[in-house]
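K.L.:
One structure, pasted below without further comment.
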There are 2 protein chains.
Amino acid sequence: MIDPRVASGLRDLLPAVMIPRERILRSFRETFASFGFAPIETPHIERMEVLTGKGAGSDEVLRQIFEVTNKGGTPGELALRFDLTVPLARFIARHVDEVGVPFKRYAIGSVFRGERPAKGRFREFVQCDFDTIGVDSRLADAETGQMIHRALTAADVPPCTIAVNNRKILDGALESLGLSGKTGLVLRSLDKLAKIGRDGVQAELARPDDSGGAGLADEQAAAVLDFAQTGRGTPEALDAAASRFGSHERAAQGIADLREVVRLMEAGGVPADRIAVDLGLARGLDYYTGVVFETTVDGWERFGSVASGGRYDDLAGLFTSRRLPGVGASIGLDRLLALLDEAGALKGSSSTAPVLVANFPGVDPSVPTRLAATLRTAGVGCEIFPEPIQVGKQMGYGSKRGHKLAVIVGPDEVAAETFNLRDLETRAEDKGLAWSVLEDSVLGALEVIERRGAGS
Amino acid sequence: MIDPRVASGLRDLLPAVMIPRERILRSFRETFASFGFAPIETPHIERMEVLTGKGAGSDEVLRQIFEVTNKGGTPGELALRFDLTVPLARFIARHVDEVGVPFKRYAIGSVFRGERPAKGRFREFVQCDFDTIGVDSRLADAETGQMIHRALTAADVPPCTIAVNNRKILDGALESLGLSGKTGLVLRSLDKLAKIGRDGVQAELARPDDSGGAGLADEQAAAVLDFAQTGRGTPEALDAAASRFGSHERAAQGIADLREVVRLMEAGGVPADRIAVDLGLARGLDYYTGVVFETTVDGWERFGSVASGGRYDDLAGLFTSRRLPGVGASIGLDRLLALLDEAGALKGSSSTAPVLVANFPGVDPSVPTRLAATLRTAGVGCEIFPEPIQVGKQMGYGSKRGHKLAVIVGPDEVAAETFNLRDLETRAEDKGLAWSVLEDSVLGALEVIERRGAGS
């Protein structure tokens, strides 16, 4: 016998998890489409060279990559993608003439990283990415923020706050403070502000260069932190930044751009109190060049950002000489689901159909088959129990699976062309309803149950 | 510069392909759910032992498998799945106590086979599988046929014919003809009937054992073929089978079972002329034990079956001592899409949103942003052109992408709080409509366009 376990760091997803997951993905796809983003798909397997970028790939990436070989193939040539951004860069370099710009795409798919397995961290997980490529536009920047807001709201995620910043402001401020040579190290430290707090970041900034710190003097570190924390989350942040660094050309551009993005996000329906300007938001090192986003669910900040992104100058520089700027974000589906699960926001049903049609012993199975087909045609999902076992057991199955209603037709009901309708929660049963009112009765009962659920 | 090509046998999917693909998948998910099938997901990576079945895997499978290794991992331990059936068997062995039986699941995902690349054949492709596990039930058998019919019909696939047979009939007939020792070879030859014709199969059946044939005498081969072709596709097939082999217990059981399955499929709404009893339908060698299905699109039989499956006695015997019978089928999404593409049944739009909102030079971008948000709230998908370039160019983009309508607001319209509504196909333009009637005007115009499309 072979052990049916999955490999380390991987997992099976059962219906109770998959049903809300599919509901959320469907909602995301609808939202993305409602903004005119179109789906694309790239293979799970890419050429190694594409993923590692001719040595441009970091050690971290190389250590986590899953290599793929088939019989007769050359080892080291292929690997599983570790994100959807590198494949997008390759895709757009290859197809830009065919798809044209502006190109608005979304992609939803599994990515693979051989990280050390840990609780809640898996080696395969799903990313939902969307990007607008080929334009440098504040409208597209703001639309990215709008999409994050709409996608999460439409998927019934609890209220979120979208933190926004512009890398130009940070770059300008650091330059003004005489720290332009240390931007990378400082930004990397600032990213940890939420995790290790001001004192932790201050210590890291002050640690000498040769031990991985930025080597800042205490008052420099304090100035950086003061700036990063200025008016965090309030509209005053930008005013303060402007009065302090407005004379620096790059910072001034970043401030004006960010003001416009916030204004357009609000015009697009994102409530002002859901947008938090955060001058310390850095998001990574060398990739982003304009607006940056991070999104946390209110009260669940410890889960980190569930939707992040920003603007970049040059997406596909490794693959084409054509300069392709863009803006985009990625929703971390698995992190979001883990959060919703812990918040108790995932409904527990393992059934995709609200109605169970009993398979009554001694009744011709074509009868429930016909009734079920009639209900489906009326748009009501229903499952027939596949075997004519004891009806009580069938009802037990329905309750456990999360069916709402059962349609029961025994020999007496067949003779009278009627059915009994059982509420699987309250166990109330309407008896002797005519087949001719099947759809209306079931639709009406489902409405009652839904209202009861909404009221509780 | 790195070459942005994909690896041999793999491909990128562009919006024009992905949009109908996503529409079909969404329709499949809705149909599967309407029968109470629940989604599950298993990892793309499985342990090698699970996939190869401790040597039970055929050479064919081993030759096509993609091995996966990460830094620090042991070579030969992991591989990419080559179908969704083996992962289902492992899944159910592992989780049967948790999910219970009957267990109705569907799974949609990529599978990987290192086949020699050829036109229309890819190393990564998507399967859509559904199975009812844990019961031996004609109702579940018939439901499988119903699901195939409903799923394809609801996805707007042209009329299909579902060929059905029961492996017990074939087994019984071959036994009665004294060929029970050669069942495997005979069934494998019969599977080629559609491809190589009666003469081809006859020759193969008569070829000696030692050169890969079944070594049948000419009259035995003729008898097998006569039986396999008896009344193909007509209700008489089963009567003929009954009169010839009805005294054979196993064949008689198969005939009775198949009659019941056809009767229940019809009760479930599959038109009788869409079901074709085919006594020669064999479907593979050792897996299926009861009903078998194959589905072809009328007039496109040369594409082969787009949805196939059947009943099996023991799904997970490699992983558990618990005997788990079941029935299921798999829809080959990529084959189906290739067929629909060639049949001209895929619409050419690369846009997911019907409306393009112009970004008029000199107009505050918060104006189109606000109008677009209003339309989305009314359920109308719309895209704003991200840059304020010449409006004619924006209209060209919309026509090329497949947008239906454009909403245009220039400086005069802002002052008057009006908009112009342009039909991107006819180029007719309604001018000076008030913002207050935006949603109604757009919804009305889209309806007109839809009716025009349906009429043509």
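Residues are referred to by chain and number: the chain letter is A, B, ... according to the order shown in the structure tokens, the number counts from 1 in that chain, and ligands are numbered separately from 1 in the order shown.
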At a cut-off of 12 Å, using only C-alpha atoms, what residues contact Glu301 in chain A? Leave out same-chain residues fewer than 2 positions from it and give the result as a list of chain:residue names.

P.N.:
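The residues that qualify are A:Pro159, A:Cys160, A:Thr161, A:Ile162, A:Ala163, A:Ala194, A:Lys195, A:Glu294, A:Thr295, A:Thr296, A:Val297, A:Asp298, A:Gly299, A:Phe303, A:Gly304, A:Ser305, A:Val306, A:Arg335, A:Leu336, A:Leu339.
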
K.L.:
For the selection just defined, write its residues with N, CA and C atoms to a file, as an mmCIF file, in the first residue's frame.

P.N.:
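Result saved to result.cif:
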```
data_model
loop_
_atom_site.group_PDB
_atom_site.id
_atom_site.type_symbol
_atom_site.label_atom_id
_atom_site.label_comp_id
_atom_site.auth_asym_id
_atom_site.auth_seq_id
_atom_site.Cartn_x
_atom_site.Cartn_y
_atom_site.Cartn_z
ATOM 1 N N PRO A 159 -13.771 45.487 6.285
ATOM 2 C CA PRO A 159 -13.159 46.746 5.854
ATOM 3 C C PRO A 159 -11.633 46.731 5.905
ATOM 4 N N CYS A 160 -11.042 47.262 4.842
ATOM 5 C CA CYS A 160 -9.587 47.279 4.682
ATOM 6 C C CYS A 160 -9.087 48.711 4.615
ATOM 7 N N THR A 161 -7.823 48.903 4.950
ATOM 8 C CA THR A 161 -7.171 50.184 4.749
ATOM 9 C C THR A 161 -6.053 50.014 3.725
ATOM 10 N N ILE A 162 -6.082 50.894 2.724
ATOM 11 C CA ILE A 162 -5.039 50.853 1.700
ATOM 12 C C ILE A 162 -4.008 51.929 2.023
ATOM 13 N N ALA A 163 -2.813 51.492 2.404
ATOM 14 C CA ALA A 163 -1.726 52.447 2.644
ATOM 15 C C ALA A 163 -1.092 52.782 1.305
ATOM 16 N N ALA A 194 6.338 48.110 10.818
ATOM 17 C CA ALA A 194 5.152 47.514 11.424
ATOM 18 C C ALA A 194 5.533 46.303 12.271
ATOM 19 N N LYS A 195 6.565 45.598 11.838
ATOM 20 C CA LYS A 195 6.915 44.337 12.503
ATOM 21 C C LYS A 195 7.775 44.546 13.747
ATOM 22 N N GLU A 294 -0.096 49.074 -0.030
ATOM 23 C CA GLU A 294 -0.212 47.891 0.825
ATOM 24 C C GLU A 294 -1.574 47.943 1.478
ATOM 25 N N THR A 295 -2.188 46.778 1.673
ATOM 26 C CA THR A 295 -3.562 46.745 2.163
ATOM 27 C C THR A 295 -3.674 45.811 3.355
ATOM 28 N N THR A 296 -4.200 46.326 4.439
ATOM 29 C CA THR A 296 -4.422 45.466 5.602
ATOM 30 C C THR A 296 -5.905 45.462 5.960
ATOM 31 N N VAL A 297 -6.344 44.348 6.520
ATOM 32 C CA VAL A 297 -7.724 44.253 6.983
ATOM 33 C C VAL A 297 -7.771 44.837 8.398
ATOM 34 N N ASP A 298 -8.695 45.780 8.633
ATOM 35 C CA ASP A 298 -8.738 46.472 9.921
ATOM 36 C C ASP A 298 -8.891 45.473 11.067
ATOM 37 N N GLY A 299 -8.015 45.569 12.031
ATOM 38 C CA GLY A 299 -8.055 44.665 13.179
ATOM 39 C C GLY A 299 -7.246 43.398 12.946
ATOM 40 N N PHE A 303 -1.643 40.004 10.100
ATOM 41 C CA PHE A 303 -1.505 39.102 8.953
ATOM 42 C C PHE A 303 -0.674 39.728 7.829
ATOM 43 N N GLY A 304 -0.374 41.016 7.987
ATOM 44 C CA GLY A 304 0.399 41.678 6.936
ATOM 45 C C GLY A 304 -0.508 42.113 5.802
ATOM 46 N N SER A 305 0.103 42.516 4.706
ATOM 47 C CA SER A 305 -0.662 43.047 3.575
ATOM 48 C C SER A 305 -1.306 41.926 2.764
ATOM 49 N N VAL A 306 -2.582 42.095 2.422
ATOM 50 C CA VAL A 306 -3.275 41.104 1.592
ATOM 51 C C VAL A 306 -3.315 41.525 0.117
ATOM 52 N N ARG A 335 -3.202 33.982 1.886
ATOM 53 C CA ARG A 335 -3.119 34.754 3.122
ATOM 54 C C ARG A 335 -4.495 35.317 3.487
ATOM 55 N N LEU A 336 -5.186 35.837 2.481
ATOM 56 C CA LEU A 336 -6.517 36.399 2.714
ATOM 57 C C LEU A 336 -7.468 35.331 3.265
ATOM 58 N N LEU A 339 -6.736 34.489 6.837
ATOM 59 C CA LEU A 339 -7.250 35.558 7.698
ATOM 60 C C LEU A 339 -8.767 35.430 7.868
#
```

K.L.:
Excluding range 101-106 of chain A and any residue of its chain fewer than 3 positions from it, enumerate the residues within 6 Å of it, using only C-alpha atoms, and give them as a list of chain:residue names.

P.N.:
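Near range 101-106 of chain A, the qualifying residues are A:Phe37, A:Ala38, A:Pro39, A:Asp129, A:Phe130, A:Asp131, A:Thr132, A:Ile133, A:Gly134.
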
K.L.:
Mind giving me the straight-line distance from CA of Glu425 in chain B to CA of Gln390 in chain B in Å, one decimal?

P.N.:
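For CA of Glu425 in chain B relative to CA of Gln390 in chain B, the distance reads 19.2 Å.
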
K.L.:
As a PyMOL selection string, please: the residues near Val380 in chain B (cut-off 7 Å, only C-alpha atoms, same-chain neighbours under 4 positions excluded).

P.N.:
(chain A and resi 34) or (chain B and resi 375-376)

K.L.:
Which of these, A:Thr183, A:Ser399, A:Ser211, A:Ser321, has the shortest distance to chain B once you count only C-alpha atoms?

P.N.:
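Using only C-alpha atoms, the shortest distance to chain B belongs to A:Ser321.
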
K.L.:
Taking only C-alpha atoms into account, find every residue of chain A that has an atom no more than 6 Å from chain B, and write it out as number ranges by chain.

P.N.:
A: 1-2, 4, 7, 12-15, 18, 33-36, 38-42, 47, 63, 65-71, 90, 94, 139-140, 264, 267-268, 318-319, 352-353, 366, 369-370, 373, 381-383, 386

K.L.:
For the selection just defined, write its residues with C-alpha atoms to a file, as a CSV table (one decimal), in the first residue's frame.

P.N.:
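Resulting contents of part17.csv:
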```csv
chain,number,residue,atom,x,y,z
A,1,MET,CA,0.0,0.0,0.0
A,2,ILE,CA,1.3,3.5,-0.9
A,4,PRO,CA,-1.5,8.8,0.5
A,7,ALA,CA,4.8,16.1,-0.2
A,12,ASP,CA,-5.1,19.3,-0.3
A,13,LEU,CA,-8.0,21.7,-0.3
A,14,LEU,CA,-11.3,20.2,0.8
A,15,PRO,CA,-14.8,21.5,-0.2
A,18,MET,CA,-12.7,25.4,-1.8
A,33,ALA,CA,-13.4,42.4,-15.8
A,34,SER,CA,-15.6,45.3,-14.7
A,35,PHE,CA,-12.5,47.5,-15.0
A,36,GLY,CA,-11.7,46.1,-18.4
A,38,ALA,CA,-8.5,40.8,-19.5
A,39,PRO,CA,-7.2,37.4,-18.4
A,40,ILE,CA,-4.0,35.8,-19.7
A,41,GLU,CA,-2.3,32.6,-18.8
A,42,THR,CA,1.3,31.5,-19.0
A,47,ARG,CA,12.8,28.2,-19.0
A,63,ARG,CA,17.6,28.6,-3.4
A,65,ILE,CA,13.3,27.3,-7.2
A,66,PHE,CA,11.8,24.0,-8.2
A,67,GLU,CA,13.7,22.6,-11.1
A,68,VAL,CA,11.7,20.5,-13.6
A,69,THR,CA,13.1,17.8,-16.0
A,70,ASN,CA,11.5,15.1,-18.2
A,71,LYS,CA,13.1,12.0,-19.6
A,90,ARG,CA,8.4,37.6,-20.6
A,94,ARG,CA,7.0,38.4,-26.6
A,139,LEU,CA,-5.4,57.5,-13.6
A,140,ALA,CA,-4.0,54.0,-14.0
A,264,LEU,CA,-8.8,60.0,-8.2
A,267,ALA,CA,-13.5,60.1,-7.2
A,268,GLY,CA,-13.6,56.4,-8.1
A,318,LEU,CA,15.6,41.7,-19.3
A,319,PHE,CA,13.7,40.6,-22.4
A,352,THR,CA,-22.6,23.6,-3.7
A,353,ALA,CA,-26.3,23.0,-4.1
A,366,SER,CA,-36.6,8.5,-12.7
A,369,THR,CA,-34.3,12.6,-11.5
A,370,ARG,CA,-37.2,14.4,-13.3
A,373,ALA,CA,-33.9,18.4,-13.6
A,381,GLY,CA,-29.0,23.7,-7.7
A,382,CYS,CA,-29.9,20.2,-6.3
A,383,GLU,CA,-28.3,17.0,-5.6
A,386,PRO,CA,-27.4,8.4,-5.3
```

K.L.:
Using DSSP on the backbone coordinates, identify the residues of range 214-295 of chain B assigned to helix (DSSP H, G or I); present them as JSON, numbers by chain.

P.N.:
{"B": [218, 219, 220, 221, 222, 223, 224, 225, 226, 227, 228, 229, 236, 237, 238, 239, 240, 241, 242, 243, 244, 245, 249, 250, 251, 252, 253, 254, 255, 256, 257, 258, 259, 260, 261, 262, 263, 264, 265, 266, 267, 272, 273, 274]}
